[in-house]
Structure formats: C-alpha cells, structure tokens
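Peer 1: Let me give you the structure first, and then I'll get to my questions.
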Amino acid sequence: MPSHRYRPAHERVHVPALLRRWPGRRIERAPLWVPVDLRDGNQALAEPMDPARKQRMFDLLLAMGFKEIEVGYPSASRTDFDFVRRLAERPEALPADVTVVVFTAARADLIDRTFEAVEGLPNVVVHLYTATAPLWREVVLGKDRAELRALITAAAERMARLGEGRDGLRFQFSPEVFNLTEPDYVLEVCNGLSALWDACPDRPVVHNLPATVEIATPNVYADQIEYLDRHLERRDSVILSVHPHNDRGTGVACAELAVLAGAQRVEGCLFGNGERTGNVDLVTLALNLHTQGVDPMLDLSDIDEIRRTVEHCNRLPVHERHPYVGDLVHTAFSGTHQDAIRKGFARHAETAAALGLPERETPWSVPYLPIDPADLGRDYEAVIRVNSQSGKGGIAYLLQTGAGLELPRRLQIEFARVVQEATDDSGREVTGEELYGLFRAEYLDPGAERVWRVGEDRAEVDGRRGAGAGPVAAVADAVGVEILSFNEHAVGPGSGADAVAYVEARVGGAVVWGAGRDASVLTAGIRAVLSAAERAAARAADGRVGRLAG
C-alpha cells in the first residue's frame with residue numbers, strides 16, 4: 001500500500017496545546033439534536049425526496065420530539081423552496097416550540113432567495129456556510145484568508161439587513177471543513193460574525209463546526225472543539241454546534257467527545273445517512289445516552305416504525321447489524337450467548353419480584369444486551385429463540401438452498417418460532433423439505449380458498465370491495481390490511497420460474513406476515529396479502545392477538 005502518499009493529521013492542521021478538560025467530564029444531559037435528513041441527508045440520495053416523502057420525514061422528526069429541524073436548501077432547489085413555503089403558509093403544520101433551519105451559501109442572490117422562502121415562519125435559523133480550510137480556499141474558491149473573510153462578512157451583513165427587526169429569526173455559521181482549518185482563522189471569522197450579528201443570550205448565534213471529512217482520531221476533534229469553546233468571544237451568546245461525518249467510521253465517537261469538550265448542539269441524520277459514508281447517526285447517539293441513564297429527549301419507543309419510515313423516505317435499507325435498530329442486533333445465534341441471556345432474563349425477573357417492581361421498571365442488567373429491546377418497542381422472542389432449534393446451517397439457509405425461498409429478515413425471526421413450536425417435543429433437526437412443508441402450511445396455504453377478482457385499482461374479495469394504487473393495494477383495502485413492507489423474488493432462474501411474495505402487514509393492532517406463490521407475480525402478491533389477513537383472523541380467533549411479528 002502506498003501509505004507514503006498521505007500526510008498525518010498533525011501535519012495538515014495545527015491544534016494549539018491546551019490542558020484538556022474534556023477527558024475528565026461526563027455527559028449528564030442531552031445536547032440539542034438537529035436532524036439534517038431533509039437537507040444534508042437528502043442531497044446525498046441517488047433519488048432525492050419528493051414532496052410527499054419530505055413531508056413524511058418531517059412528520060416523523062416532529063413525532064420523535066426534535067425541536068430544531070433543518071428542512072432544506074431553498075435557494076438551490078425548487079422542491080425545497082416550495083416545502084419551506086408550505087410550512088410558512090400553514091401555521092398548524094409547525095408546533096410553536098419547533099424552529100426551522102434553512103441552509104444557504106454566501107452569495108447575495110442565494111441569500112435573498114432564502115429570505116424570500118422563510119417569510120412568515122415564526123421561528124427560523126438562517127444557516128450560512130463557506131468552506132474555510134486551506135485546500136478549499138486554494139483549489140475551490142481561489143481566495144486567501146483576508147479575501148474569504150471579506151466574502152463571509154459581506155454575506156453576513158446582507159443577512160443582518162434582511163433580518164433587521166424581525167422577531168424569531170437567528171443566524172448560524174458553519175466554517176465548512178472546520179477540522180482542517182487553522183483554529184486562529186476560525187476564531188477570527190466566528191468572533192467577527194458574533195459581533196456583526198450582535199449575539200446576545202436572548203438571541204444567540206450558532207457556530208457550527210463540521211468535521212466535513214474525517215481526518216484524525218476523535219480526540220483530535222475534541223481538542224479542536226475545546227479550544228474554540230474556551231476562546232470564542234461572547235461565549236454565553238454562542239451555541240456551539242458540531243456536525244461530524246463518518247469517513248473514518250468514528251462519527252459517533254467524534255460527536256460524543258465533542259459534547260464532552262463543550263459542544264451544546266449536534267447535527268446529524270437518522271441512522272447515519274449522508275454524503276460518502278454518512279453523517280453522524282443521531283439515533284445511535286441518543287440511545288447511547290439512554291443506556292447511560294441519561295434521558296435522550298427523543299421518543300425512540302417504536303424503533304421499527306422509525307426505521308420503516310426512514311427506509312421509505314431515503315429508499316435505502318438500514319443494515320441488519322446497525323446499532324440498536326438492525327434486525328439482528330438483539331439476536332444471539334451462539335448457544336453460549338443464548339444460555340447467558342436466558343439466565344440473565346431469569347435473574348431480571350427475580351430482581352423485579354424482590355424489588356416489588358414491574359420488570360419494565362426494574363434496573364436493566366442482562367448479559368450481551370446493553371439495552372432492553374422492549375424500550376425500543378421490540379419483544380424478546382427474537383433474542384432468545386430464533387435459531388435455537390435451527391441446527392447446522394440454520395433455518396434461513398435450509399429454506400434458501402432447499403426451496404429457493406429468500407425470507408426477509410423479520411419473517412425469518414417469526415418463522416423460527418413456528419419451527420421451534422413444531423420441533424420442541426422431539427428436539428430433532430428438521431430437513432429442508434420439512435421446513436418448506438411447515439412454511440407452506442403456515443404462510444402459503446392460508447387464504448388460498450378466498451375468491452377474488454381485480455382491476456387496475458379495484459378489487460373484490462369474497463364480495464367485499466376495495467380500492468388502491470394498484471391491484472395488490474386494492475385487495476389489501478378490501479380485507480382491511482395495511483401493508484408495511486412488500487418483498488418478492490423468483491424461485492430459481494428462467495422466465496418460467498414461480499414468484500414468491502412476502503407481505504408484512506398491520507391488521508387491527510397486530511403485525512403479521514403473509515406469503516404467496518404463483519407463476520404470476522401479481523397473483524403471488526395478492527395471495528401474500530390474503531395470507532396475512534387469514535393468519536391474523538386465525539390468531540385473533542385463538543386469542544393470540546398482539547404483536548405477531550418480530
């Protein structure tokens with residue numbers, strides 16, 4: 001590897017020596033979380049969000065409890081401009097305690113367009129950015145330090161004039177690539193803007209210090225943040241903010257150490273979406289605090305619904321091993337781990353009984369589980385039972401190799417319980433053929449007797465009519481099913497191969513899976529919906545209503 005081509009961080013940017021205070025501190029309260037999914041995250045998508053997806057993401061962020069949300073770059077996108085205008089023109093769409101942030105470059109026409117977009121918003125932060133690092137100054141902007149400061153000052157002056165006399169308006173500045181910019185230059189620019197914008201405790205300025213491209217270990221970023229924290233003027237009138245990226249895989253660590261070093265505000269995205277390797281993951285940061293006994297000030301009690309919404313809006317999957325939210329993060333495949341977890345659950349129940357507390361309120365201490373899955377809206381079945389009877393190769397492997405089925409991860413978890421119920425008495429290993437028989441009886445056969453017919457957007461099932469955006473949605477409407485996720489694939493190669501469809505659905509208060517198989521892709525999808533409806537009805541009749549899927 002030609003490692004000689006690269007310079008270490010300490011040769012690229014000088015961090016003044018200081019007696020560090022951050023290593024001796026603890027995080028005892030949550031910072032202000034500011035999601036940038038609708039701007040920074042959105043610009044990183046191969047297919048940026050349309051208005052409907054932007055609104056759904058915004059509604060999710062409100063429901064989670066975020067109080068400051070960056071909603072777009074209105075001067076650069078008609079979609080973003082229109083979205084900001086809709087917020088301004090519909091007062092009921094924006095809670096009184098929520099502040100909207102909009103992003104702009106340091107150009108007069110873009111600043112004017114930005115102020116046009118935010119007219120009428122009651123609480124807004126106009127966020128000015130300019131790259132300040134030497135490489136960017138020389139290669140991208142073609143300006144020296146003095147020339148760039150003059151450009152930033154002119155832009156800030158224009159913002160001050162346009163915002164004069166307006167209540168509820170504040171300013172933010174980001175020296176992009178802060179972590180590669182000379183600290184004395186950052187201080188010079190930021191202190192100048194604090195004075196120009198007349199920062200005061202009642203109207204603080206946000207100085208946001210991005211690690212736009214990670215270049216060093218997290219302790220270096222923490223040193224840079226502490227230096228600014230201790231040397232910024234009007235410090236009680238400045239909200240010190242950070243915006244870490246994840247190029248070295250240490251975005252979360254950078255953010256946590258930055259908060260120890262004095263940061264009061266953290267920008268990031270849900271599950272770490274963003275340019276290149278992504279922005280820092282606000283969900284991981286918040287739940288890290290939760291597991292330390294610190295209230296994250298966000299509602300993450302239905303992590304799977306949050307994930308579904310983010311996957312829909314971003315059109316990107318969340319990895320199965322992603323911290324806290326991945327389908328496999330609370331699952332133990334190892335027998336020794338499963339045994340330790342089972343014993344931990346037993347001890348937890350004993351402790352709850354001894355304390356006279358419900359188990360959900362008893363202090364948590366279970367091997368291999370740093371968080372109680374129930375805190376995130378999950379149950380315990382996937383933790384201790386999935387794969388517990390799968391033997392060599394595993395249930396999913398046998399179904400894929402023996403029957404050509406590629407079950408979605410959450411359906412694998414549910415079907416593992418079906419297999420265990422069928423084999424608990426004998427304890428023997430089941431074959432791939434036997435597994436497919438169990439799967440067919442549990443998922444493919446239910447609903448097969450129903451009589452249905454469909455059109456482009458209409459359906460009739462056993463005399464009940466429904467409508468929707470396509471035949472499958474219309475069938476779902478007819479049988480009272482809300483589709484949460486839909487997957488399909490061919491069973492084997494060639495045009496004559498059967499199709500298999502899988503539907504995760506909400507029926508009443510329960511989440512249930514269905515599956516369908518047919519030579520027709522459309523018929524397979526319809527049968528999957530009918531299977532989900534039939535299985536939900538059967539379980540309700542058995543008195544097993546509840547959360548049926550993992």
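Chain labels A, B, ... are given in the sequence in which chains occur in the structure tokens; within each chain residues are numbered consecutively from 1, and ligands are likewise numbered from 1 in the order shown.
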DSSP on the backbone: what in segment 107-186 of chain A comes out strand (DSSP E or B), as number ranges by chain?
Peer 2: A: 124-131, 169-176
Peer 1: Next, write the just-selected residues to a file, as a PDB file, in the first residue's frame, keeping N, CA, C and O atoms as the atom set.
Peer 2:
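In the end it all went to again-v5.pdb:
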ATOM      1  N   VAL A 124     -37.072  30.721  13.013  1.00  0.00           N
ATOM      2  CA  VAL A 124     -36.226  30.241  11.926  1.00  0.00           C
ATOM      3  C   VAL A 124     -34.773  30.610  12.183  1.00  0.00           C
ATOM      4  O   VAL A 124     -34.468  31.673  12.723  1.00  0.00           O
ATOM      5  N   VAL A 125     -33.884  29.699  11.796  1.00  0.00           N
ATOM      6  CA  VAL A 125     -32.440  29.945  11.790  1.00  0.00           C
ATOM      7  C   VAL A 125     -31.980  29.922  10.341  1.00  0.00           C
ATOM      8  O   VAL A 125     -32.228  28.944   9.621  1.00  0.00           O
ATOM      9  N   VAL A 126     -31.340  31.001   9.896  1.00  0.00           N
ATOM     10  CA  VAL A 126     -30.742  31.035   8.561  1.00  0.00           C
ATOM     11  C   VAL A 126     -29.281  30.631   8.708  1.00  0.00           C
ATOM     12  O   VAL A 126     -28.504  31.289   9.418  1.00  0.00           O
ATOM     13  N   HIS A 127     -28.924  29.566   8.061  1.00  0.00           N
ATOM     14  CA  HIS A 127     -27.628  28.895   8.235  1.00  0.00           C
ATOM     15  C   HIS A 127     -26.719  29.213   7.038  1.00  0.00           C
ATOM     16  O   HIS A 127     -26.939  28.754   5.923  1.00  0.00           O
ATOM     17  N   LEU A 128     -25.701  30.007   7.294  1.00  0.00           N
ATOM     18  CA  LEU A 128     -24.716  30.402   6.288  1.00  0.00           C
ATOM     19  C   LEU A 128     -23.508  29.479   6.358  1.00  0.00           C
ATOM     20  O   LEU A 128     -23.006  29.181   7.443  1.00  0.00           O
ATOM     21  N   TYR A 129     -23.038  29.027   5.205  1.00  0.00           N
ATOM     22  CA  TYR A 129     -21.842  28.180   5.214  1.00  0.00           C
ATOM     23  C   TYR A 129     -20.851  28.634   4.154  1.00  0.00           C
ATOM     24  O   TYR A 129     -21.227  29.161   3.103  1.00  0.00           O
ATOM     25  N   THR A 130     -19.574  28.408   4.447  1.00  0.00           N
ATOM     26  CA  THR A 130     -18.498  28.617   3.479  1.00  0.00           C
ATOM     27  C   THR A 130     -17.333  27.722   3.878  1.00  0.00           C
ATOM     28  O   THR A 130     -16.991  27.643   5.065  1.00  0.00           O
ATOM     29  N   ALA A 131     -16.732  27.065   2.911  1.00  0.00           N
ATOM     30  CA  ALA A 131     -15.546  26.261   3.196  1.00  0.00           C
ATOM     31  C   ALA A 131     -14.386  27.176   3.561  1.00  0.00           C
ATOM     32  O   ALA A 131     -14.155  28.195   2.900  1.00  0.00           O
ATOM     33  N   LEU A 169     -36.024  35.295  14.440  1.00  0.00           N
ATOM     34  CA  LEU A 169     -35.001  34.985  13.443  1.00  0.00           C
ATOM     35  C   LEU A 169     -33.623  34.981  14.089  1.00  0.00           C
ATOM     36  O   LEU A 169     -33.263  35.916  14.794  1.00  0.00           O
ATOM     37  N   ARG A 170     -32.874  33.895  13.863  1.00  0.00           N
ATOM     38  CA  ARG A 170     -31.500  33.819  14.365  1.00  0.00           C
ATOM     39  C   ARG A 170     -30.583  33.367  13.230  1.00  0.00           C
ATOM     40  O   ARG A 170     -31.039  32.924  12.180  1.00  0.00           O
ATOM     41  N   PHE A 171     -29.263  33.464  13.485  1.00  0.00           N
ATOM     42  CA  PHE A 171     -28.281  33.161  12.455  1.00  0.00           C
ATOM     43  C   PHE A 171     -27.336  32.043  12.905  1.00  0.00           C
ATOM     44  O   PHE A 171     -27.054  31.887  14.097  1.00  0.00           O
ATOM     45  N   GLN A 172     -26.859  31.310  11.907  1.00  0.00           N
ATOM     46  CA  GLN A 172     -25.893  30.228  12.139  1.00  0.00           C
ATOM     47  C   GLN A 172     -24.803  30.326  11.084  1.00  0.00           C
ATOM     48  O   GLN A 172     -25.062  30.664   9.924  1.00  0.00           O
ATOM     49  N   PHE A 173     -23.573  30.004  11.494  1.00  0.00           N
ATOM     50  CA  PHE A 173     -22.470  29.968  10.543  1.00  0.00           C
ATOM     51  C   PHE A 173     -21.714  28.664  10.682  1.00  0.00           C
ATOM     52  O   PHE A 173     -21.425  28.211  11.795  1.00  0.00           O
ATOM     53  N   SER A 174     -21.389  28.053   9.549  1.00  0.00           N
ATOM     54  CA  SER A 174     -20.561  26.847   9.516  1.00  0.00           C
ATOM     55  C   SER A 174     -19.313  27.106   8.688  1.00  0.00           C
ATOM     56  O   SER A 174     -19.413  27.316   7.470  1.00  0.00           O
ATOM     57  N   PRO A 175     -18.125  27.115   9.319  1.00  0.00           N
ATOM     58  CA  PRO A 175     -16.884  27.108   8.539  1.00  0.00           C
ATOM     59  C   PRO A 175     -16.654  25.678   8.046  1.00  0.00           C
ATOM     60  O   PRO A 175     -16.085  24.844   8.749  1.00  0.00           O
ATOM     61  N   GLU A 176     -17.142  25.397   6.837  1.00  0.00           N
ATOM     62  CA  GLU A 176     -17.073  24.024   6.334  1.00  0.00           C
ATOM     63  C   GLU A 176     -15.623  23.540   6.326  1.00  0.00           C
ATOM     64  O   GLU A 176     -14.701  24.299   6.074  1.00  0.00           O
TER      65      GLU A 176
END
Peer 1: Please tabulate, as CSV, the residues of segment 241-297 of chain A that come within 12 Å of segment 67-91 of chain A, each with its closest pair of atoms and the distance in Å to one decimal, counting only C-alpha atoms and ordering rows by chain, then residue number upward.
Peer 2:
residue,atom,partner,partner_atom,distance
A:Arg265,CA,A:Glu68,CA,10.1
A:Val266,CA,A:Glu68,CA,10.6
A:Glu267,CA,A:Glu70,CA,9.0
A:Gly268,CA,A:Glu70,CA,10.0
A:Cys269,CA,A:Glu70,CA,10.4
A:Met297,CA,A:Lys67,CA,9.9
Peer 1: Write out as a PyMOL selection string which residues come within 7 Å of segment 216-232 of chain A when counting only C-alpha atoms, dropping same-chain ones fewer than 5 positions away.
Peer 2: chain A and resi 9+15+179+187+191+250+253-254+257-258+261-262
Peer 1: Store the residues of this selection in a file with all heavy atoms, as a short mmCIF file (atom, residue, chain, number, x, y, z; two decimals), in the first residue's frame.
Peer 2:
data_model
loop_
_atom_site.label_atom_id
_atom_site.label_comp_id
_atom_site.auth_asym_id
_atom_site.auth_seq_id
_atom_site.Cartn_x
_atom_site.Cartn_y
_atom_site.Cartn_z
N ALA A 9 -2.62 13.77 10.23
CA ALA A 9 -3.44 14.94 10.56
C ALA A 9 -2.63 16.06 11.19
O ALA A 9 -2.85 17.24 10.90
CB ALA A 9 -4.57 14.51 11.49
N VAL A 15 -3.16 22.12 16.02
CA VAL A 15 -4.08 22.35 17.13
C VAL A 15 -3.26 22.88 18.30
O VAL A 15 -2.37 22.18 18.80
CB VAL A 15 -4.79 21.05 17.54
CG1 VAL A 15 -5.77 21.33 18.69
CG2 VAL A 15 -5.52 20.45 16.35
N ASN A 179 -12.43 21.13 10.67
CA ASN A 179 -11.38 20.31 11.28
C ASN A 179 -10.07 20.35 10.50
O ASN A 179 -9.05 19.84 10.99
CB ASN A 179 -11.85 18.86 11.45
CG ASN A 179 -12.31 18.23 10.15
OD1 ASN A 179 -12.87 18.91 9.28
ND2 ASN A 179 -12.10 16.94 10.00
N LEU A 187 -11.47 31.27 14.73
CA LEU A 187 -11.81 32.24 15.78
C LEU A 187 -11.99 33.64 15.20
O LEU A 187 -12.93 34.36 15.56
CB LEU A 187 -10.71 32.26 16.84
CG LEU A 187 -10.76 31.18 17.92
CD1 LEU A 187 -9.53 31.28 18.81
CD2 LEU A 187 -12.03 31.32 18.77
N ASN A 191 -15.70 35.04 15.69
CA ASN A 191 -15.83 36.18 16.59
C ASN A 191 -16.32 37.42 15.85
O ASN A 191 -17.12 38.21 16.36
CB ASN A 191 -14.50 36.47 17.28
CG ASN A 191 -14.18 35.45 18.37
OD1 ASN A 191 -15.08 34.83 18.92
ND2 ASN A 191 -12.90 35.28 18.67
N THR A 250 -15.80 6.88 12.74
CA THR A 250 -15.78 7.31 14.15
C THR A 250 -16.66 8.53 14.38
O THR A 250 -16.43 9.30 15.32
CB THR A 250 -14.34 7.61 14.60
OG1 THR A 250 -13.77 8.64 13.76
CG2 THR A 250 -13.46 6.37 14.50
N ALA A 253 -18.19 8.62 17.91
CA ALA A 253 -17.18 8.93 18.92
C ALA A 253 -16.78 10.41 18.85
O ALA A 253 -16.60 11.07 19.88
CB ALA A 253 -15.95 8.05 18.73
N CYS A 254 -16.64 10.94 17.64
CA CYS A 254 -16.31 12.37 17.49
C CYS A 254 -17.38 13.24 18.14
O CYS A 254 -17.07 14.20 18.85
CB CYS A 254 -16.18 12.73 16.01
SG CYS A 254 -14.60 12.28 15.28
N LEU A 257 -17.27 12.90 22.09
CA LEU A 257 -16.13 13.61 22.67
C LEU A 257 -16.28 15.12 22.49
O LEU A 257 -15.86 15.90 23.35
CB LEU A 257 -14.82 13.12 22.06
CG LEU A 257 -14.12 11.97 22.82
CD1 LEU A 257 -15.02 10.77 22.97
CD2 LEU A 257 -12.81 11.58 22.14
N ALA A 258 -16.89 15.54 21.38
CA ALA A 258 -17.11 16.97 21.17
C ALA A 258 -18.07 17.53 22.22
O ALA A 258 -17.88 18.66 22.69
CB ALA A 258 -17.68 17.20 19.77
N ALA A 261 -16.28 18.14 25.19
CA ALA A 261 -15.37 19.28 25.01
C ALA A 261 -16.09 20.62 24.98
O ALA A 261 -15.43 21.66 24.87
CB ALA A 261 -14.56 19.10 23.73
N GLY A 262 -17.42 20.61 25.06
CA GLY A 262 -18.13 21.89 25.13
C GLY A 262 -19.23 22.10 24.12
O GLY A 262 -19.95 23.11 24.18
#
Peer 1: List as a PyMOL selection string the protein and nucleic acid residues near Leu270 of chain A, meaning an atom at most 10 Å away when only C-alpha atoms are counted, but skip any in the same chain fewer than 3 places from it.
Peer 2: chain A and resi 35-37+41+61+273-274+279-285+306-307+310
Peer 1: Write out as a PyMOL selection string which residues come within 10 Å of Asp247 of chain A when counting only C-alpha atoms, dropping same-chain ones fewer than 2 positions away.
Peer 2: chain A and resi 211-216+244-245+249-251+275-280
Peer 1: Would you please work out which residue, of A:Glu320, A:Glu28, A:Asp202, A:Glu233, is nearest to Asn288 of chain A when using only C-alpha atoms?
Peer 2: A:Glu28
Peer 1: Please report, as a PyMOL selection string, each residue of segment 237-483 of chain A to which DSSP assigns helix (DSSP H, G or I) when run on this structure's backbone.
Peer 2: chain A and resi 237+251-260+270-272+282-290+303-314+335-355+359-361+373-376+381-384+395-403+409-423+432-444+471-479
Peer 1: Counting only C-alpha atoms, which of A:Thr99, A:Thr401, A:Ser495, A:Ser485 gets nearest to Ala528 of chain A?
Peer 2: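 Nearest to Ala528 of chain A: A:Ser485.
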Peer 1: At a cut-off of 7 Å, using only C-alpha atoms, what residues contact Met64 of chain A? Leave out same-chain residues fewer than 6 positions from it and give the result as a short mmCIF file (atom, residue, chain, number, x, y, z; two decimals) with C-alpha atoms, in the first residue's frame.
Peer 2:
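Written file, out15.cif:
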data_model
loop_
_atom_site.label_atom_id
_atom_site.label_comp_id
_atom_site.auth_asym_id
_atom_site.auth_seq_id
_atom_site.Cartn_x
_atom_site.Cartn_y
_atom_site.Cartn_z
CA LEU A 298 -36.34 11.87 21.92
CA ASP A 299 -39.07 9.24 21.54
CA LEU A 300 -37.46 6.08 20.18
#
Peer 1: I'd like the neighbourhood of segment 326-328 of chain A as a PyMOL selection string, where a residue qualifies if any of its atoms comes within 10 Å (using only C-alpha atoms), though same-chain residues fewer than 2 positions away should be ignored.
Peer 2: chain A and resi 271+303-304+307+317-324+330-333+382-383+408-410+413+550
Peer 1: Between atom CA of Gly272 of chain A and atom CA of Ala63 of chain A, what distance in Å does the model show, to one decimal?
Peer 2: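 Result for atom CA of Gly272 of chain A versus atom CA of Ala63 of chain A: 18.8 Å, one decimal.
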Peer 1: From the options A:Ile371, A:Leu196, A:Leu148, A:Ala17, which residue's atoms come nearest to Gly293 of chain A, counting only C-alpha atoms?
Peer 2: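 Answer, going by the shortest atom-to-atom distance: A:Ile371.
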Peer 1: Using Å and a single decimal, report how far atom CA of His290 of chain A sits from atom CA of Gln264 of chain A.
Peer 2: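 A separation of 17.5 Å between them.
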